[in-house]
Amino acid sequence: MADALTNAPAPAQGAARGPRRLGAALSATEVDLRLFGMLVALVGILIGFHIMSGGKLIQPANMITLAVQASGTAIMATGMVLIIVSRNIDLSVGSIVGVVAMSYALLMTDWLPALGLGLDAPFQWLIALAIGLGIGATIGGFQGFLIAYVGIPAFIVTLGGLLSLRGVVWLMSSGAAVSGLQSEFRKIGGGVLGSIGETATWIVAGVACVAIVALIVYNRRQRQRFGFPVRPMWAEVILGAIGCAVVIGLAAFANSNYLPAGLATQYAAEHGITEPPGGLKVPLGFPWPVLLVIGVTLVMTFLATRRRFGRYVYAYGGNPDAADLAGINTRWTIMKTFVLMGVLCAVAAAIASARLNGATLDVGQSDELYVIAAAVVGGTSFAGGVGTIPGAILGAFVMQSLAYGLSFNGVNSPTQNVVAGIVLIVAVGLDTYNRRRGGGK
Amino acid sequence: MAGASSATEGPTPLVEMRNIQVSFGGVRAVDDVSVEVYPGEVLGLVGGNGAGKSTLIRTLSGAHPADSGEILVDGKPQVIDNPRDAKDLNIECIYQQLALADNVDAPANVFLGREMTTSWGTLDDGAMENETRKVMGRLNPNFTRFKQPVVSLSGGQRQAVAIARAVHFNARIMIMDEPTAALGPAETAQVHHLIQQLKSEGLGIFLISHDIHDVFDLSDRISVMYHGRLVGTVRKADVTPDDVLAMIILGKKPDEATREELADLRA
């Protein structure tokens with residue numbers, strides 16, 4: 001991940017404009033200023049709404065709800081980045097989510113039980129999950145095939161997908177909502193059931209800290225191997241320290257989200273604990289969907305920056321002819337981006353159906369718009385070749401924070417949409433202006 | 001076909017393209033054209049717009065296979081269906097416009113499609129940058145911007161990156177399509193110097209250019225194409241730039257053109 005953050009050109013102009021020393025210090029750490037700016041914007045939005053709400057917004061329960069709500073969009077946005085980077089678009093993601101969510105629900109309540117695998121069968125949910133991921137990959141792959149090999153424009157293929165797959169959802173269940181999933185599966189949706197608990201949260205945080213330090217050391221060694229210039233030592237130390245501090249802070253924050261009082265009493269009774277005065281405090285820790293977002297971010301960043309596949313996606317986006325002439329199998333590369341998108345839709349569908357404990361006919365409806373908006377707010381350019389995975393994640397969180405903050409402050413949903421639309425345009429407008437001024441891409 | 005030279009040349013040609021034919025719809029873009037290049041030779045390929053030079057050369061680079069005809073490398077017939085086939089035969093192309101992915105850096109471009117990987121299957125950016133630094137040290141020692149997207153480089157630097165790609169992969173046959181069209185005088189001189197250097201290392205070079213002076217400076221022989229046909233191949237020493245210009249415009253060899261036609265041309 002550290003590598004994805006450092007790929008941006010050195011912000012020479014920014015350094016000259018702002019306070020010189022701070023600019024120089026920032027450029028020495030090779031931190032991507034765009035991402036840094038978005039992070040600042042995200043924190044600013046949250047603090048703004050926090051003040052508006054009279055100091056009630058920023059507390060563990062709210063922030064975790066927000067993160068869980070953003071998780072599906074964030075996961076799909078990482079795939080949308082690669083699709084838009086390679087000059088395509090996928091309008092069908094919401095409908096794929098619908099089909100796969102309905103598949104999970106029917107698999108667990110209907111199809112697998114018919115094969116003798118009832119809701120009580122252990123790992124029934126894993127089988128359903130595996131089949132769902134396969135369905136997502138197949139739908140994505142079929143659309144990708146039509147786009148890459150047959151040559152039908154992505155806009156058309158996926159617009160067709162958007163329409164017809166939503167119809168498929170209806171046909172699958174004859175228009176009925178389906179509910180009653182395996183309880184293990186429902187953990188994927190987060191909430192009270194679906195968090196990993198205090199100890200596991202600290203273990204995750206510990207592993208993450210070790211990984212951050214290891215990554216920094218590895219990257220430094222790689223550069224030193226050939227005697228290339230490396231970041232100054234103080235910058236490495238500060239980056240590592242900030243990374244670890246953020247991870248530990250998030251873990252502590254997640255662990256200060258407790259089981260609601262009523263459930264805590266029940267928990268105490270079940271575990272034979274006498275409830276202390278003021279109620280038992282059971283820390284919930286990281287919810288599963290947030291861990292999924294982190295996992296997907298790592299995997300997708302790895303694919304995008306460390307594998308040939310990612311290199312080809314970006315090269316194709318920068319210049320399709322050059323990629324072709326370099327002997328790259330561009331069709332297969334494009335098709336793979338759509339397969340990946342389908343798989344990510346299936347992951348998002350798991351979160352959505354787990355939260356619903358089933359599937360309705362409109363699961364995932366309009367998701368495509370939020371996913372595309374997240375990718376674009378996160379700095380992905382429709383001109384192709386430009387966009388980062390962490391940027392898209394941040395974009396998803398910015399959009400969700402706006403929606404959550406507004407509704408928390410009692411703003412109705414039509415007004416939320418008005419704001420979301422304006423923010424989308426303003427964010428991209430500012431970005432375009434900045435790139436032009438910076439003489440960048 | 002009027003090959004002015006093949007009889008006098010001793011060794012086998014590095015590349016021989018025989019009776020190449022390419023049609024788009026009903027249009028013969030390349031009609032029964034044969035050319036060849038010897039080691040250490042630059043063959044200039046000239047002609048007006050739509051004469052078929054680029055189409056001819058695209059059959060050699062694998063970008064667009066020929067409908068019929070034969071390509072021999074070192075005297076052996078070869079099938080070139082895609083760019084990878086061409087690269088496997090050490091045929092490398094340098095295009096003015098198409099060659100580079102603008103949004104990635106120089107090492108990524110040099111190794112595009114042939115990335116070095118670690119034993120884990122991940123991209124070995126360090127090793128690729130190292131190799132690129134070595135090659136660029138030979139081609140353009142002043143080049144330092146290894147981490148910037150190539151869009152931020154000057155035309156000459158971009159061309160150096162494209163040439164570095166060919167050099168690194170031990171090109172034996174190099175195709176240069178308008179290599180200096182977007183370059184300033186100093187950069188053009190640099191590319192000229194480079195072509196001489198590659199030639200002295202025994203490479204065979206196809207040089208496509210609109211600029212008759214470029215071609216005359218660099219080529220050993222010149223093939224002229226006109227409406228998809230090969231008008232003829234001449235030794236540079238045997239002709240003047242005006243002769244070649246006449247071939248380009250009239251589509252006839254100088255001795256076939258009538259006096260009136262030549263007079264029109266001069267006027």
# chains A, B, ... in the order shown; residues from 1 in each chain; ligands from 1

$ interface_residues --of "chain A" --to "chain B" --cutoff "9 Å" --atoms "only C-alpha atoms" --output "CSV table (one decimal) with C-alpha atoms, in the first residue's frame"
chain,number,residue,atom,x,y,z
A,7,ASN,CA,3.6,6.7,-7.1
A,8,ALA,CA,2.4,10.3,-7.7
A,9,PRO,CA,4.7,12.8,-9.2
A,10,ALA,CA,6.5,15.1,-6.7
A,222,GLN,CA,14.6,-2.9,-2.5
A,223,ARG,CA,15.7,0.6,-3.3
A,225,ARG,CA,19.7,-3.1,-3.5
A,226,PHE,CA,20.4,-1.0,-6.6
A,228,PHE,CA,18.7,4.2,-5.7
A,302,PHE,CA,-1.4,-5.6,-4.7
A,303,LEU,CA,-3.0,-6.6,-8.0
A,305,THR,CA,0.5,-2.1,-8.3
A,306,ARG,CA,2.6,-5.3,-7.9
A,307,ARG,CA,1.3,-7.6,-10.6
A,308,ARG,CA,1.6,-7.5,-14.3
A,311,ARG,CA,0.5,-2.7,-14.9
A,312,TYR,CA,-1.3,-3.7,-18.1
A,314,TYR,CA,-2.9,1.2,-16.3
A,315,ALA,CA,-0.8,1.0,-19.5
A,316,TYR,CA,-3.9,0.2,-21.6
A,317,GLY,CA,-5.7,3.1,-20.0
A,318,GLY,CA,-2.8,5.4,-20.7
A,319,ASN,CA,-2.5,4.3,-24.4
A,320,PRO,CA,-4.4,1.3,-25.7
A,321,ASP,CA,-2.4,1.2,-28.9
A,322,ALA,CA,0.9,1.1,-27.1
A,323,ALA,CA,-0.3,-1.7,-24.9
A,324,ASP,CA,-1.4,-3.7,-28.0
A,325,LEU,CA,1.8,-3.0,-29.8
A,326,ALA,CA,3.8,-4.1,-26.7
A,327,GLY,CA,2.4,-7.5,-27.2
A,328,ILE,CA,0.0,-7.4,-24.2
A,329,ASN,CA,-3.1,-9.5,-24.4
A,385,GLY,CA,-5.0,5.5,-17.0
A,386,VAL,CA,-5.5,7.4,-13.7
A,439,GLY,CA,0.5,20.5,-15.4
A,440,GLY,CA,-0.1,16.8,-14.6
A,441,LYS,CA,-2.0,14.2,-16.5

$ select_by_dssp --residues "range 41-255 of chain A" --states "alpha helix (DSSP H)" --output "PyMOL selection string"
chain A and resi 41-52+60-85+93-106+112-114+124-145+154-173+183-186+198-225+233-255

$ residues_around --residues "Leu165 in chain A" --least-positions-apart "6" --cutoff "7 Å" --atoms "only C-alpha atoms" --output "list in words"
Ser95, Ile96 and Val99 of chain A

$ residues_around --residues "range 173-190 of chain B" --least-positions-apart "5" --cutoff "6 Å" --atoms "only C-alpha atoms" --output "JSON, numbers by chain"
{"B": [91, 92, 93, 94, 95, 96, 155, 156, 203, 204, 205, 206, 207, 208, 209]}

$ select_by_dssp --residues "range 14-261 of chain B" --states "strand (DSSP E or B)" --output "count of residues only"
67

$ residues_around --residues "range 246-249 of chain B" --least-positions-apart "5" --cutoff "12 Å" --atoms "only C-alpha atoms" --output "PyMOL selection string"
chain B and resi 45-51+53+210-212+222-234+239-241+254-259+261-266

$ closest_residue --among "B:Asn170, B:Ser219, B:Arg158, B:Asp74" --to "Asn140 in chain B" --atoms "only C-alpha atoms"
B:Arg158

$ residues_around --residues "Cys244 in chain A" --least-positions-apart "4" --cutoff "8 Å" --atoms "only C-alpha atoms" --output "list in words"
Ala208, Cys209, Ile212, Gly240 and Ile248 of chain A

$ atom_distance --atom1 "CA of Gln224 in chain A" --atom2 "CA of Phe146 in chain B"
15.6 Å

$ residues_around --residues "Ala235 in chain A" --least-positions-apart "2" --cutoff "9 Å" --atoms "only C-alpha atoms" --output "PyMOL selection string"
chain A and resi 25-26+28-30+231-233+237-240

$ closest_residue --among "A:Val376, A:Leu163, A:Ile389, A:Val423" --to "Gly79 in chain A" --atoms "only C-alpha atoms"
A:Ile389

$ atom_distance --atom1 "CA of Asp110 in chain A" --atom2 "CA of Val178 in chain A"
9.5 Å

$ atom_distance --atom1 "CA of Thr360 in chain A" --atom2 "CA of Ala176 in chain A"
7.3 Å
